[in-house]
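Heads up: the structure comes next, in structure tokens.
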Amino acid sequence: MTDQNKIPFNKPPKTFSEQVTILKSHGLIIQDTNKAEFYLSQLNYYRLAAYCIPFETDHDTHQILEGTTFDDVLNLYTFDRELRLLLMDAIERIEVSLRTQMAYQLSHRHNTSHPHLVSETFKDDRKYQNGRRKLEHEVNQSDEDFICHLRTKYKEDLPPIWAVVELMTMGQLSKWFSNISQRSDRMAISQAYSLNEAIMTSFCEHLSLVRNKAAHHARLWNRVFPKQMKLPKNGPSDLINSLLNLPNENRNLKKLYNTLTIILYIMNIISPEHHWKSRVKNLIKTHDIDTTKMGFPLDWETRPLWT
């Protein structure tokens, strides 16, 4: 729609009581008005209304399936919030592991404490210089004791790689990893997870996106991510046989199932006592979630990683 065809937004703000009335007019059963008003006062109408969409019979009128209650919608919201927390827990562990592997492999393979100061280690100089500037800013702004000590005692522009990786976000880590010049270096890092470097590169990029959504409290459970991550054609059989790998046009490939499956696969390697699988399965069972909305195949619980 062009700017000339746009119309001004003239809807007035609604009180929490009026918001409850709107939800009722859409067919949502609300038995406890005070409870609904309380949650709307904490969660924001537009945030909660997004969880009404799966129950709609007509999106244009927002009419809701007969018999749907406010608690049904709230249950879905609560599930999504708890799922984000589970994802953040796993992503944190993967991020810390990847930091460790990148610092260890690059420093040992290049026999230097500062491979990140050698531009030839990286293939795209523009990306390298941009990443280095950001890292220098992070170091200069950091109040971490170990960074302050290294910054004031040693003359190099940046602390050694095993220190600076601790300041990298998942997004920065993904960019540094994908920009490593030698494929053999990327493979050495990826082999810690028995994955091909191209698969690991794509997964890190995707994981950065998922982490950003989760960290900003965005809806995850039925989200379609804009870019499909690359899936392995060869590798560990338990992973290959657990992934959903249908034709590229299938929207389920851009939903959460494959993300959760690869996370579970890596968690089994880096944190074998994590119980993350049972926590995910219990969360789904507790909230009685329709997993097909998340891109899960019907037989997901019988696939190797999920059994």
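Following the order of the structure tokens, chains are lettered A, B, ..., residues in each are numbered from 1, and ligands are numbered from 1.
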
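Every residue of range 28-177 of chain A with a DSSP assignment of strand (DSSP E or B), taken from the backbone, is listed as Ile29, Glu56, Thr57, Asp58, Gln63, Ile64, Thr69 and Phe122 of chain A.
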
Any chance you could export the current selection's C-alpha atoms as a PDB file, in the first residue's frame?
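Written output follows (part-v4.pdb):
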```
ATOM      1  CA  ILE A  29     -15.550 -17.091  27.137  1.00  0.00           C
ATOM      2  CA  GLU A  56      -9.971 -17.898  15.457  1.00  0.00           C
ATOM      3  CA  THR A  57     -12.475 -19.165  12.905  1.00  0.00           C
ATOM      4  CA  ASP A  58     -12.336 -15.873  10.973  1.00  0.00           C
ATOM      5  CA  GLN A  63     -14.317 -14.493  15.765  1.00  0.00           C
ATOM      6  CA  ILE A  64     -13.135 -17.277  18.055  1.00  0.00           C
ATOM      7  CA  THR A  69     -11.988 -19.722  27.168  1.00  0.00           C
ATOM      8  CA  PHE A 122      39.534 -14.042   8.296  1.00  0.00           C
TER       9      PHE A 122
END
```

Hey, which of A:Glu92, A:Asp71, A:Glu120, A:Asp80 ends up closest to Ser181 in chain A? Count only C-alpha atoms.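 So, comparing all the options, the nearest one is A:Glu120.
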
Taking only C-alpha atoms into account, which of A:Cys52, A:Asn282, A:Leu87, A:Trp176 comes nearest Asn75 in chain A? A:Cys52

Among listed residues A:Asn140, A:Thr292, A:Ser97, A:Asn196, nearest Glu166 in chain A (using only C-alpha atoms):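 That would be A:Ser97, the residue with the smallest distance to Glu166 in chain A.
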
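The residue that comes closest to Asn241 in chain A, out of A:Asn258, A:Gln191, A:Asn5, A:Thr15 and on the basis of only C-alpha atoms, is A:Asn258.
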
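Residues in contact with Gln101 in chain A at up to 9 Å, not including ones fewer than 2 positions away on its chain and judged by only C-alpha atoms, are A:Val96, A:Ser97, A:Leu98, A:Arg99, A:Ala103, A:Tyr104, A:Gln105, A:Leu106, A:Ala188, A:Ile189, A:Ser190, A:Ala192.
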
Please produce a file of those selected residues containing N, CA and C atoms, as a PDB file, in the first residue's frame.
```pdb
ATOM      1  N   VAL A  96      28.328 -20.635  25.217  1.00  0.00           N
ATOM      2  CA  VAL A  96      29.543 -20.748  26.029  1.00  0.00           C
ATOM      3  C   VAL A  96      30.463 -21.828  25.462  1.00  0.00           C
ATOM      4  N   SER A  97      29.883 -22.947  25.023  1.00  0.00           N
ATOM      5  CA  SER A  97      30.671 -24.021  24.425  1.00  0.00           C
ATOM      6  C   SER A  97      31.340 -23.560  23.140  1.00  0.00           C
ATOM      7  N   LEU A  98      30.597 -22.855  22.297  1.00  0.00           N
ATOM      8  CA  LEU A  98      31.148 -22.385  21.031  1.00  0.00           C
ATOM      9  C   LEU A  98      32.260 -21.364  21.264  1.00  0.00           C
ATOM     10  N   ARG A  99      32.093 -20.486  22.236  1.00  0.00           N
ATOM     11  CA  ARG A  99      33.170 -19.550  22.592  1.00  0.00           C
ATOM     12  C   ARG A  99      34.446 -20.323  22.926  1.00  0.00           C
ATOM     13  N   ALA A 103      37.953 -20.218  20.671  1.00  0.00           N
ATOM     14  CA  ALA A 103      39.184 -19.709  21.276  1.00  0.00           C
ATOM     15  C   ALA A 103      40.260 -20.792  21.294  1.00  0.00           C
ATOM     16  N   TYR A 104      39.878 -21.995  21.662  1.00  0.00           N
ATOM     17  CA  TYR A 104      40.853 -23.086  21.782  1.00  0.00           C
ATOM     18  C   TYR A 104      41.441 -23.447  20.419  1.00  0.00           C
ATOM     19  N   GLN A 105      40.577 -23.675  19.447  1.00  0.00           N
ATOM     20  CA  GLN A 105      41.047 -24.142  18.140  1.00  0.00           C
ATOM     21  C   GLN A 105      41.865 -23.078  17.411  1.00  0.00           C
ATOM     22  N   LEU A 106      41.414 -21.840  17.397  1.00  0.00           N
ATOM     23  CA  LEU A 106      42.155 -20.804  16.675  1.00  0.00           C
ATOM     24  C   LEU A 106      43.504 -20.514  17.329  1.00  0.00           C
ATOM     25  N   ALA A 188      37.462 -27.773  12.410  1.00  0.00           N
ATOM     26  CA  ALA A 188      38.006 -28.176  13.714  1.00  0.00           C
ATOM     27  C   ALA A 188      37.067 -27.768  14.845  1.00  0.00           C
ATOM     28  N   ILE A 189      36.485 -26.598  14.721  1.00  0.00           N
ATOM     29  CA  ILE A 189      35.528 -26.123  15.723  1.00  0.00           C
ATOM     30  C   ILE A 189      34.246 -26.949  15.653  1.00  0.00           C
ATOM     31  N   SER A 190      33.760 -27.176  14.446  1.00  0.00           N
ATOM     32  CA  SER A 190      32.486 -27.879  14.250  1.00  0.00           C
ATOM     33  C   SER A 190      32.557 -29.341  14.644  1.00  0.00           C
ATOM     34  N   ALA A 192      33.755 -30.620  17.156  1.00  0.00           N
ATOM     35  CA  ALA A 192      33.426 -30.811  18.572  1.00  0.00           C
ATOM     36  C   ALA A 192      31.978 -31.260  18.723  1.00  0.00           C
TER      37      ALA A 192
END
```

Please compute the CA of Ile180 in chain A-CA of Ser237 in chain A distance, one decimal, in Å. 27.9 Å

Between A:Leu74, A:Ile199, A:Lys6, A:Leu83, which is the closest to His217 in chain A once you count only C-alpha atoms? A:Leu83

May I ask for the distance between CA of Gln182 in chain A and CA of Arg151 in chain A, given in Å to one decimal place?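 Going from CA of Gln182 in chain A over to CA of Arg151 in chain A covers 28.8 Å.
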
Pick out the residues sitting within 9 Å of Val73 in chain A, and hand them over as a list in words; count only C-alpha atoms, and ignore anything fewer than 6 positions along from it in its own chain.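 My reading of the contact set: Leu48, Ala49, Tyr51, Cys52 and Phe55 of chain A.
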
Output of the above residues as a PDB file, in the first residue's frame, restricted to N, CA and C atoms:
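To be explicit, this is the file written out as again_0.pdb:
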```pdb
ATOM      1  N   LEU A  48      -1.339 -10.447  24.258  1.00  0.00           N
ATOM      2  CA  LEU A  48      -2.211 -11.577  24.575  1.00  0.00           C
ATOM      3  C   LEU A  48      -3.099 -11.952  23.393  1.00  0.00           C
ATOM      4  N   ALA A  49      -3.547 -10.939  22.641  1.00  0.00           N
ATOM      5  CA  ALA A  49      -4.443 -11.210  21.513  1.00  0.00           C
ATOM      6  C   ALA A  49      -3.774 -12.068  20.445  1.00  0.00           C
ATOM      7  N   TYR A  51      -2.193 -14.646  20.902  1.00  0.00           N
ATOM      8  CA  TYR A  51      -2.392 -16.044  21.267  1.00  0.00           C
ATOM      9  C   TYR A  51      -3.852 -16.465  21.081  1.00  0.00           C
ATOM     10  N   CYS A  52      -4.700 -15.510  20.692  1.00  0.00           N
ATOM     11  CA  CYS A  52      -6.078 -15.846  20.322  1.00  0.00           C
ATOM     12  C   CYS A  52      -6.156 -16.346  18.891  1.00  0.00           C
ATOM     13  N   PHE A  55      -7.085 -19.814  17.747  1.00  0.00           N
ATOM     14  CA  PHE A  55      -8.449 -20.216  18.083  1.00  0.00           C
ATOM     15  C   PHE A  55      -9.489 -19.523  17.202  1.00  0.00           C
TER      16      PHE A  55
END
```

Would you mind listing, for every residue of range 62-98 of chain A within 9 Å of range 271-278 of chain A, the two atoms forming the shortest contact and the distance between them in Å to one decimal, using only C-alpha atoms, sorted by chain and ascending residue number, as a Markdown table?
```
| residue | atom | partner | partner_atom | distance |
| --- | --- | --- | --- | --- |
| A:Leu86 | CA | A:Trp276 | CA | 7.8 |
| A:Ala90 | CA | A:Trp276 | CA | 7.8 |
| A:Arg93 | CA | A:Ser271 | CA | 8.0 |
```

How would the residues just picked look written out with C-alpha atoms as a compact mmCIF listing (two decimals), in the first residue's frame?
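Saved file selection_37.txt follows:
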```txt
# COMPACT_ATOMS: atom_id res chain seq x y z
CA LEU A 86 14.00 -23.34 28.19
CA ALA A 90 20.08 -24.23 26.16
CA ARG A 93 25.18 -23.42 27.15
```

Between A:Thr33, A:Asn212, A:Asn222, A:Ser194, which is the closest to Gly235 in chain A once you count only C-alpha atoms?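 Of A:Thr33, A:Asn212, A:Asn222, A:Ser194, the one nearest Gly235 in chain A is A:Ser194, counting only C-alpha atoms.
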
Quick one: DSSP helix (DSSP H, G or I) residues in range 13-72 of chain A, as a PyMOL selection string? chain A and resi 16-25+33-43+45-49+53-55+70-72
